[in-house]
Amino acid sequence: MIKSQKKTNIMQLLEQYSMDKRIEKVNLTAGIYTNEDGVSPILESVKEAEYYRTKNQVSKASFNISGAAEFHQAVRTVLFPDTKGINEDEYTEVTQTLGASGALHLAGRLIKHYAPQAKIWLSSPTWENHPALLESHLGGFGYYGYQAANKDQLCLNTMLDDLQQANPGDFVLLHVCCHNPTGIDPTSFDWKLLADFFAKRKLIPLFDFAYQGFANSIQKDAEPLTIFKKYVDTLIICNSFSKNMGIYDERTGALTLVFKDREKLAHWKKTLRGLIRGSYSMPPVHGSFIASHIINDTGRFAHWEKEVESIRNDLDQRRSLFFSELSNNGIIDEIMPYRQQKGMFLYLNLSQEKIESLRENYGIYLLDSGRMCIASLSTADMERVAKAMMNVL
């Protein structure tokens with residue numbers, strides 16, 4: 001019997017899963033890449049960086065509020081891989097944060113300080129933690145629809161129609177590749193249309209970029225940032241290395257401000273440093289060293305790219321195999337209304353009642369929204385999961 005229709009958040013589900021005594025249980029909630037043994041592996045490029053660090057580190061007292069210059073350069077390299085020239089630093093300020101979540105929280109604080117009446121527009125659906133991370137601002141939230149036009153593409157018109165209600169100076173949270181819970185990404189043409197729309201409406205893009213490399217490549221996945229940079233005067237970017245380097249525990253991310261107004265940029269940077277000093281004081285160093293050690297060396301960067309490519313290919317293969325299992329059970333059209341999903345997640349057309357039935361009767365845990373993590377589903381479990389879904393329909 002289904003006990004409740006009350007919404008259950010991801011942390012509650014993780015706790016329920018850990019307390020579930022069944023051997024054949026499956027956790028498809030958190031966005032963590034695991035191998036066939038259920039382990040989130042440490043990349044070889046990361047191991048090499050840590051070995052180097054252990055052998056050569058002479059101090060653990062850096063005391064840098066914004067993070068190291070080497071990390072800043074690494075972040076600029078992956079966010080804007082085609083950018084060259086020494087003048088770039090005049091318009092781009094990188095600050096190390098506690099993952100992309102920490103960057104989003106700080107972005108909300110900055111918006112409260114400099115644009116207290118501005119709205120922040122979120123996609124529907126979005127991640128459950130986005131409103132909580134950004135709630136410190138005062139202007140409230142707006143929502144724009146993020147849905148499929150058909151099984152192969154995003155409905156851009158829905159986004160633009162809803163964002164017509166936004167006022168100049170409002171901020172819009174945009175998911176870059178593989179990030180929206182639906183798993184659908186805008187095309188390059190869509191990104192250009194969006195950038196032109198933002199420029200004309202004087203909207204400010206706030207990018208959440210945590211899955212770089214999982215759609216196409218490190219370089220290709222950063223294309224939306226380069227596109228927007230050509231159209232708008234202000235970009236705010238929150239990125240993380242938790243996923244593409246597998247360094248979840250290190251909480252290594254960045255908040256990057258790209259302003260054509262250098263005086264405005266200096267003010268925001270000063271305020272940001274004050275916010276950090278008044279909260280966690282300074283970021284941890286270990287993860288930022290790993291990222292900069294890998295990215296700032298051509299050979300190590302190429303090695304890392306190959307490892308990310310391997311993960312990307314594995315995700316694509318798992319998705320294809322799971323789709324085959326759903327097809328074999330005759331349910332793919334019913335629970336997969338669109339197919340061009342990328343990255344770690346799938347979005348299933350299942351009611352909350354059916355999702356609770358999967359948890360209670362089969363030990364299969366996914367979010368109430370129907371979002372599941374394909375990156376945590378082993379090939380060995382696919383047949384059982386597909387059959388369970390067929391049984392609850």
# chains A, B, ... in the order shown; residues from 1 in each chain; ligands from 1
call {"tool": "select_by_dssp", "arguments": {"residues": "stretch 164-204 of chain A", "states": "strand (DSSP E)", "output": "MDAnalysis selection string"}}
result
chainID A and resid 171:175 204
call {"tool": "closest_atom_pairs", "arguments": {"of": "stretch 310-331 of chain A", "to": "stretch 341-362 of chain A", "cutoff": "10 Å", "atoms": "only C-alpha atoms", "output": "CSV"}}
result
residue,atom,partner,partner_atom,distance
A:Ile311,CA,A:Gly343,CA,9.5
A:Arg312,CA,A:Gly343,CA,7.2
A:Asn313,CA,A:Gly343,CA,9.8
A:Asp314,CA,A:Gly343,CA,10.0
A:Leu315,CA,A:Gly343,CA,6.5
A:Asp316,CA,A:Lys342,CA,7.5
A:Arg318,CA,A:Met344,CA,9.7
A:Arg319,CA,A:Leu346,CA,8.4
call {"tool": "write_last_selection", "arguments": {"atoms": "all heavy atoms", "output": "PDB file, in the first residue's frame"}}
result
ATOM      1  N   ILE A 311      33.837   8.216 -19.909  1.00  0.00           N
ATOM      2  CA  ILE A 311      32.623   8.328 -19.099  1.00  0.00           C
ATOM      3  C   ILE A 311      31.439   8.684 -19.992  1.00  0.00           C
ATOM      4  O   ILE A 311      30.351   8.092 -19.874  1.00  0.00           O
ATOM      5  CB  ILE A 311      32.807   9.388 -17.998  1.00  0.00           C
ATOM      6  CG1 ILE A 311      33.852   8.927 -16.982  1.00  0.00           C
ATOM      7  CG2 ILE A 311      31.477   9.673 -17.298  1.00  0.00           C
ATOM      8  CD1 ILE A 311      34.219   9.988 -15.958  1.00  0.00           C
ATOM      9  N   ARG A 312      31.636   9.637 -20.886  1.00  0.00           N
ATOM     10  CA  ARG A 312      30.559  10.070 -21.782  1.00  0.00           C
ATOM     11  C   ARG A 312      30.065   8.899 -22.651  1.00  0.00           C
ATOM     12  O   ARG A 312      28.854   8.697 -22.805  1.00  0.00           O
ATOM     13  CB  ARG A 312      31.067  11.205 -22.668  1.00  0.00           C
ATOM     14  CG  ARG A 312      30.026  11.777 -23.605  1.00  0.00           C
ATOM     15  CD  ARG A 312      30.541  13.047 -24.273  1.00  0.00           C
ATOM     16  NE  ARG A 312      31.659  12.827 -25.174  1.00  0.00           N
ATOM     17  CZ  ARG A 312      32.898  13.277 -24.952  1.00  0.00           C
ATOM     18  NH1 ARG A 312      33.170  13.962 -23.866  1.00  0.00           N
ATOM     19  NH2 ARG A 312      33.855  13.045 -25.813  1.00  0.00           N
ATOM     20  N   ASN A 313      30.995   8.138 -23.181  1.00  0.00           N
ATOM     21  CA  ASN A 313      30.611   6.992 -24.008  1.00  0.00           C
ATOM     22  C   ASN A 313      29.879   5.933 -23.192  1.00  0.00           C
ATOM     23  O   ASN A 313      28.923   5.306 -23.676  1.00  0.00           O
ATOM     24  CB  ASN A 313      31.851   6.376 -24.662  1.00  0.00           C
ATOM     25  CG  ASN A 313      32.457   7.275 -25.719  1.00  0.00           C
ATOM     26  OD1 ASN A 313      31.785   8.156 -26.258  1.00  0.00           O
ATOM     27  ND2 ASN A 313      33.729   7.069 -26.031  1.00  0.00           N
ATOM     28  N   ASP A 314      30.306   5.758 -21.954  1.00  0.00           N
ATOM     29  CA  ASP A 314      29.637   4.797 -21.079  1.00  0.00           C
ATOM     30  C   ASP A 314      28.207   5.235 -20.793  1.00  0.00           C
ATOM     31  O   ASP A 314      27.275   4.417 -20.818  1.00  0.00           O
ATOM     32  CB  ASP A 314      30.424   4.645 -19.772  1.00  0.00           C
ATOM     33  CG  ASP A 314      29.807   3.616 -18.832  1.00  0.00           C
ATOM     34  OD1 ASP A 314      29.315   2.586 -19.323  1.00  0.00           O
ATOM     35  OD2 ASP A 314      29.803   3.866 -17.616  1.00  0.00           O
ATOM     36  N   LEU A 315      28.012   6.519 -20.534  1.00  0.00           N
ATOM     37  CA  LEU A 315      26.663   7.037 -20.283  1.00  0.00           C
ATOM     38  C   LEU A 315      25.771   6.848 -21.508  1.00  0.00           C
ATOM     39  O   LEU A 315      24.605   6.458 -21.380  1.00  0.00           O
ATOM     40  CB  LEU A 315      26.724   8.513 -19.896  1.00  0.00           C
ATOM     41  CG  LEU A 315      27.385   8.845 -18.553  1.00  0.00           C
ATOM     42  CD1 LEU A 315      27.494  10.351 -18.380  1.00  0.00           C
ATOM     43  CD2 LEU A 315      26.628   8.228 -17.394  1.00  0.00           C
ATOM     44  N   ASP A 316      26.319   7.124 -22.676  1.00  0.00           N
ATOM     45  CA  ASP A 316      25.545   6.940 -23.908  1.00  0.00           C
ATOM     46  C   ASP A 316      25.163   5.474 -24.104  1.00  0.00           C
ATOM     47  O   ASP A 316      24.038   5.156 -24.510  1.00  0.00           O
ATOM     48  CB  ASP A 316      26.346   7.427 -25.116  1.00  0.00           C
ATOM     49  CG  ASP A 316      26.507   8.943 -25.150  1.00  0.00           C
ATOM     50  OD1 ASP A 316      25.746   9.624 -24.437  1.00  0.00           O
ATOM     51  OD2 ASP A 316      27.395   9.426 -25.886  1.00  0.00           O
ATOM     52  N   ARG A 318      24.888   3.146 -21.724  1.00  0.00           N
ATOM     53  CA  ARG A 318      23.908   2.745 -20.703  1.00  0.00           C
ATOM     54  C   ARG A 318      22.509   3.222 -21.083  1.00  0.00           C
ATOM     55  O   ARG A 318      21.530   2.497 -20.924  1.00  0.00           O
ATOM     56  CB  ARG A 318      24.296   3.317 -19.333  1.00  0.00           C
ATOM     57  CG  ARG A 318      25.524   2.687 -18.723  1.00  0.00           C
ATOM     58  CD  ARG A 318      25.618   3.008 -17.243  1.00  0.00           C
ATOM     59  NE  ARG A 318      26.986   2.987 -16.768  1.00  0.00           N
ATOM     60  CZ  ARG A 318      27.334   3.095 -15.496  1.00  0.00           C
ATOM     61  NH1 ARG A 318      26.398   3.258 -14.577  1.00  0.00           N
ATOM     62  NH2 ARG A 318      28.597   3.071 -15.135  1.00  0.00           N
ATOM     63  N   ARG A 319      22.425   4.447 -21.570  1.00  0.00           N
ATOM     64  CA  ARG A 319      21.128   4.966 -21.974  1.00  0.00           C
ATOM     65  C   ARG A 319      20.537   4.115 -23.103  1.00  0.00           C
ATOM     66  O   ARG A 319      19.349   3.769 -23.076  1.00  0.00           O
ATOM     67  CB  ARG A 319      21.270   6.424 -22.427  1.00  0.00           C
ATOM     68  CG  ARG A 319      19.961   7.034 -22.881  1.00  0.00           C
ATOM     69  CD  ARG A 319      20.098   8.503 -23.214  1.00  0.00           C
ATOM     70  NE  ARG A 319      20.185   9.308 -21.987  1.00  0.00           N
ATOM     71  CZ  ARG A 319      21.302   9.759 -21.455  1.00  0.00           C
ATOM     72  NH1 ARG A 319      22.457   9.501 -22.037  1.00  0.00           N
ATOM     73  NH2 ARG A 319      21.282  10.457 -20.340  1.00  0.00           N
TER      74      ARG A 319
END
call {"tool": "select_by_dssp", "arguments": {"residues": "stretch 187-337 of chain A", "states": "alpha helix (DSSP H)", "output": "PyMOL selection string"}}
result
chain A and resi 188-201+218-221+223-231+262-277+286-295+298-328+332-335
call {"tool": "atom_distance", "arguments": {"atom1": "atom CA of A:Lys47", "atom2": "atom CA of A:Val176"}}
result
27.8 Å
call {"tool": "residues_around", "arguments": {"residues": "A:Glu90", "least_positions_apart": "4", "cutoff": "10 Å", "atoms": "only C-alpha atoms", "output": "PDB file with C-alpha atoms, in the first residue's frame"}}
result
ATOM      1  CA  ILE A  86      46.403  38.808 -21.855  1.00  0.00           C
ATOM      2  CA  VAL A 258      32.378  38.398 -16.942  1.00  0.00           C
ATOM      3  CA  PHE A 259      31.596  42.125 -17.079  1.00  0.00           C
ATOM      4  CA  LYS A 260      32.418  44.568 -19.869  1.00  0.00           C
ATOM      5  CA  ASP A 261      32.181  47.330 -17.246  1.00  0.00           C
ATOM      6  CA  ARG A 262      35.471  46.964 -15.364  1.00  0.00           C
ATOM      7  CA  LEU A 265      33.411  44.165 -11.982  1.00  0.00           C
ATOM      8  CA  ALA A 266      35.775  45.579  -9.354  1.00  0.00           C
TER       9      ALA A 266
END
call {"tool": "residues_around", "arguments": {"residues": "A:Ala118", "least_positions_apart": "5", "cutoff": "12 Å", "atoms": "only C-alpha atoms", "output": "ChimeraX atom specification"}}
result
/A:108,110-113,137-142,166-172,203-204
call {"tool": "write_last_selection", "arguments": {"atoms": "N, CA and C atoms", "output": "PDB file, in the first residue's frame"}}
result
ATOM      1  N   GLY A 108      23.416  34.499  -5.370  1.00  0.00           N
ATOM      2  CA  GLY A 108      22.187  35.017  -4.777  1.00  0.00           C
ATOM      3  C   GLY A 108      22.461  36.168  -3.818  1.00  0.00           C
ATOM      4  N   LEU A 110      25.041  38.225  -3.956  1.00  0.00           N
ATOM      5  CA  LEU A 110      25.460  39.379  -4.755  1.00  0.00           C
ATOM      6  C   LEU A 110      24.261  40.067  -5.413  1.00  0.00           C
ATOM      7  N   ILE A 111      23.327  39.274  -5.917  1.00  0.00           N
ATOM      8  CA  ILE A 111      22.130  39.842  -6.535  1.00  0.00           C
ATOM      9  C   ILE A 111      21.323  40.619  -5.492  1.00  0.00           C
ATOM     10  N   LYS A 112      21.227  40.075  -4.289  1.00  0.00           N
ATOM     11  CA  LYS A 112      20.535  40.788  -3.207  1.00  0.00           C
ATOM     12  C   LYS A 112      21.193  42.130  -2.937  1.00  0.00           C
ATOM     13  N   HIS A 113      22.524  42.157  -2.997  1.00  0.00           N
ATOM     14  CA  HIS A 113      23.259  43.376  -2.683  1.00  0.00           C
ATOM     15  C   HIS A 113      23.133  44.424  -3.779  1.00  0.00           C
ATOM     16  N   HIS A 137      18.246  36.361  -2.118  1.00  0.00           N
ATOM     17  CA  HIS A 137      17.894  37.584  -2.843  1.00  0.00           C
ATOM     18  C   HIS A 137      16.457  37.974  -2.484  1.00  0.00           C
ATOM     19  N   LEU A 138      16.071  39.207  -2.780  1.00  0.00           N
ATOM     20  CA  LEU A 138      14.799  39.737  -2.286  1.00  0.00           C
ATOM     21  C   LEU A 138      13.707  39.835  -3.351  1.00  0.00           C
ATOM     22  N   GLY A 139      14.078  39.723  -4.620  1.00  0.00           N
ATOM     23  CA  GLY A 139      13.143  40.016  -5.685  1.00  0.00           C
ATOM     24  C   GLY A 139      12.166  38.917  -6.041  1.00  0.00           C
ATOM     25  N   GLY A 140      12.313  37.750  -5.442  1.00  0.00           N
ATOM     26  CA  GLY A 140      11.424  36.640  -5.737  1.00  0.00           C
ATOM     27  C   GLY A 140      11.834  35.898  -7.001  1.00  0.00           C
ATOM     28  N   PHE A 141      11.083  34.836  -7.312  1.00  0.00           N
ATOM     29  CA  PHE A 141      11.396  33.986  -8.449  1.00  0.00           C
ATOM     30  C   PHE A 141      10.323  34.094  -9.520  1.00  0.00           C
ATOM     31  N   GLY A 142      10.761  33.955 -10.758  1.00  0.00           N
ATOM     32  CA  GLY A 142       9.866  33.727 -11.877  1.00  0.00           C
ATOM     33  C   GLY A 142      10.195  32.358 -12.451  1.00  0.00           C
ATOM     34  N   ALA A 166       9.724  38.809 -18.138  1.00  0.00           N
ATOM     35  CA  ALA A 166      10.850  39.274 -17.322  1.00  0.00           C
ATOM     36  C   ALA A 166      11.143  40.741 -17.605  1.00  0.00           C
ATOM     37  N   ASN A 167      11.594  41.450 -16.592  1.00  0.00           N
ATOM     38  CA  ASN A 167      11.930  42.859 -16.722  1.00  0.00           C
ATOM     39  C   ASN A 167      13.419  43.040 -16.993  1.00  0.00           C
ATOM     40  N   PRO A 168      13.806  44.110 -17.673  1.00  0.00           N
ATOM     41  CA  PRO A 168      15.230  44.384 -17.846  1.00  0.00           C
ATOM     42  C   PRO A 168      15.951  44.381 -16.502  1.00  0.00           C
ATOM     43  N   GLY A 169      17.106  43.728 -16.468  1.00  0.00           N
ATOM     44  CA  GLY A 169      17.855  43.624 -15.216  1.00  0.00           C
ATOM     45  C   GLY A 169      17.541  42.389 -14.407  1.00  0.00           C
ATOM     46  N   ASP A 170      16.511  41.639 -14.800  1.00  0.00           N
ATOM     47  CA  ASP A 170      16.237  40.364 -14.138  1.00  0.00           C
ATOM     48  C   ASP A 170      17.328  39.351 -14.504  1.00  0.00           C
ATOM     49  N   PHE A 171      17.509  38.370 -13.630  1.00  0.00           N
ATOM     50  CA  PHE A 171      18.498  37.319 -13.840  1.00  0.00           C
ATOM     51  C   PHE A 171      17.769  36.027 -14.232  1.00  0.00           C
ATOM     52  N   VAL A 172      18.368  35.292 -15.142  1.00  0.00           N
ATOM     53  CA  VAL A 172      17.762  34.043 -15.599  1.00  0.00           C
ATOM     54  C   VAL A 172      18.768  32.915 -15.432  1.00  0.00           C
ATOM     55  N   LEU A 203      18.364  41.111 -20.167  1.00  0.00           N
ATOM     56  CA  LEU A 203      18.341  40.104 -19.113  1.00  0.00           C
ATOM     57  C   LEU A 203      19.761  39.632 -18.836  1.00  0.00           C
ATOM     58  N   ILE A 204      20.004  39.202 -17.609  1.00  0.00           N
ATOM     59  CA  ILE A 204      21.360  38.792 -17.215  1.00  0.00           C
ATOM     60  C   ILE A 204      21.395  37.288 -17.029  1.00  0.00           C
TER      61      ILE A 204
END
call {"tool": "atom_distance", "arguments": {"atom1": "atom CA of A:Thr252", "atom2": "atom CA of A:Ala375"}}
result
20.6 Å
call {"tool": "residues_around", "arguments": {"residues": "A:Phe80", "least_positions_apart": "3", "cutoff": "7 Å", "atoms": "only C-alpha atoms", "output": "number ranges by chain"}}
result
A: 76-77, 83, 222, 226
call {"tool": "residues_around", "arguments": {"residues": "A:Ser279", "least_positions_apart": "5", "cutoff": "12 Å", "atoms": "only C-alpha atoms", "output": "MDAnalysis selection string"}}
result
chainID A and resid 65 97:98 102 105:106 109 272:274
call {"tool": "write_last_selection", "arguments": {"atoms": "all heavy atoms", "output": "compact mmCIF listing (two decimals), in the first residue's frame"}}
result
# COMPACT_ATOMS: atom_id res chain seq x y z
N ILE A 65 41.56 34.04 -0.12
CA ILE A 65 40.10 34.11 -0.10
C ILE A 65 39.49 33.70 -1.44
O ILE A 65 38.48 32.99 -1.49
CB ILE A 65 39.64 35.54 0.28
CG1 ILE A 65 39.93 35.82 1.75
CG2 ILE A 65 38.14 35.72 0.00
CD1 ILE A 65 39.58 37.23 2.19
N THR A 97 35.04 28.53 -5.20
CA THR A 97 33.91 28.39 -4.29
C THR A 97 33.78 26.95 -3.82
O THR A 97 34.50 26.06 -4.28
CB THR A 97 32.59 28.81 -4.98
OG1 THR A 97 32.38 27.99 -6.13
CG2 THR A 97 32.65 30.27 -5.40
N LEU A 98 32.84 26.74 -2.93
CA LEU A 98 32.56 25.39 -2.43
C LEU A 98 31.62 24.69 -3.42
O LEU A 98 30.41 24.59 -3.20
CB LEU A 98 31.94 25.45 -1.04
CG LEU A 98 32.74 26.24 0.00
CD1 LEU A 98 32.02 26.22 1.34
CD2 LEU A 98 34.15 25.70 0.15
N GLY A 102 27.98 26.32 -3.87
CA GLY A 102 28.51 27.48 -3.16
C GLY A 102 28.53 28.71 -4.04
O GLY A 102 28.25 29.83 -3.59
N HIS A 105 24.96 30.07 -4.29
CA HIS A 105 24.60 30.76 -3.06
C HIS A 105 25.20 32.16 -3.03
O HIS A 105 24.52 33.14 -2.69
CB HIS A 105 25.08 29.96 -1.85
CG HIS A 105 24.93 30.69 -0.55
ND1 HIS A 105 23.70 30.93 0.04
CD2 HIS A 105 25.86 31.24 0.28
CE1 HIS A 105 23.87 31.60 1.16
NE2 HIS A 105 25.17 31.81 1.33
N LEU A 106 26.48 32.26 -3.39
CA LEU A 106 27.13 33.57 -3.41
C LEU A 106 26.52 34.48 -4.48
O LEU A 106 26.38 35.69 -4.27
CB LEU A 106 28.63 33.40 -3.65
CG LEU A 106 29.42 32.80 -2.48
CD1 LEU A 106 30.82 32.42 -2.93
CD2 LEU A 106 29.48 33.79 -1.31
N ARG A 109 23.53 36.06 -3.04
CA ARG A 109 23.90 37.13 -2.11
C ARG A 109 24.31 38.40 -2.87
O ARG A 109 23.98 39.52 -2.46
CB ARG A 109 25.05 36.67 -1.21
CG ARG A 109 24.75 35.47 -0.32
CD ARG A 109 23.96 35.86 0.91
NE ARG A 109 24.64 36.83 1.74
CZ ARG A 109 25.58 36.55 2.66
NH1 ARG A 109 25.97 35.28 2.83
NH2 ARG A 109 26.13 37.49 3.39
N LEU A 272 32.13 40.35 -3.15
CA LEU A 272 32.22 38.89 -3.10
C LEU A 272 33.27 38.45 -2.09
O LEU A 272 33.02 37.53 -1.29
CB LEU A 272 32.55 38.35 -4.49
CG LEU A 272 32.74 36.85 -4.61
CD1 LEU A 272 31.51 36.08 -4.13
CD2 LEU A 272 33.06 36.48 -6.07
N ARG A 273 34.40 39.08 -2.08
CA ARG A 273 35.45 38.74 -1.11
C ARG A 273 34.94 38.97 0.32
O ARG A 273 35.24 38.17 1.22
CB ARG A 273 36.71 39.56 -1.37
CG ARG A 273 37.47 39.13 -2.62
CD ARG A 273 38.63 40.09 -2.90
NE ARG A 273 39.61 40.05 -1.83
CZ ARG A 273 40.65 39.22 -1.78
NH1 ARG A 273 40.82 38.32 -2.73
NH2 ARG A 273 41.50 39.27 -0.77
N GLY A 274 34.18 40.03 0.52
CA GLY A 274 33.63 40.29 1.84
C GLY A 274 32.64 39.23 2.27
O GLY A 274 32.62 38.81 3.44
call {"tool": "atom_distance", "arguments": {"atom1": "atom CA of A:Leu255", "atom2": "atom CA of A:Ser240"}}
result
9.2 Å
call {"tool": "residues_around", "arguments": {"residues": "A:Pro283", "least_positions_apart": "3", "cutoff": "12 Å", "atoms": "only C-alpha atoms", "output": "number ranges by chain"}}
result
A: 61-68, 71, 95-99, 102-103, 250-254, 273, 276-277, 279-280, 286-289
call {"tool": "closest_residue", "arguments": {"among": "A:Glu44, A:Asp333, A:Glu36, A:Asp196", "to": "A:Lys306", "atoms": "only C-alpha atoms"}}
result
A:Glu44
call {"tool": "closest_residue", "arguments": {"among": "A:Glu128, A:Asp185, A:Glu135, A:Glu93", "to": "A:Cys155", "atoms": "only C-alpha atoms"}}
result
A:Asp185
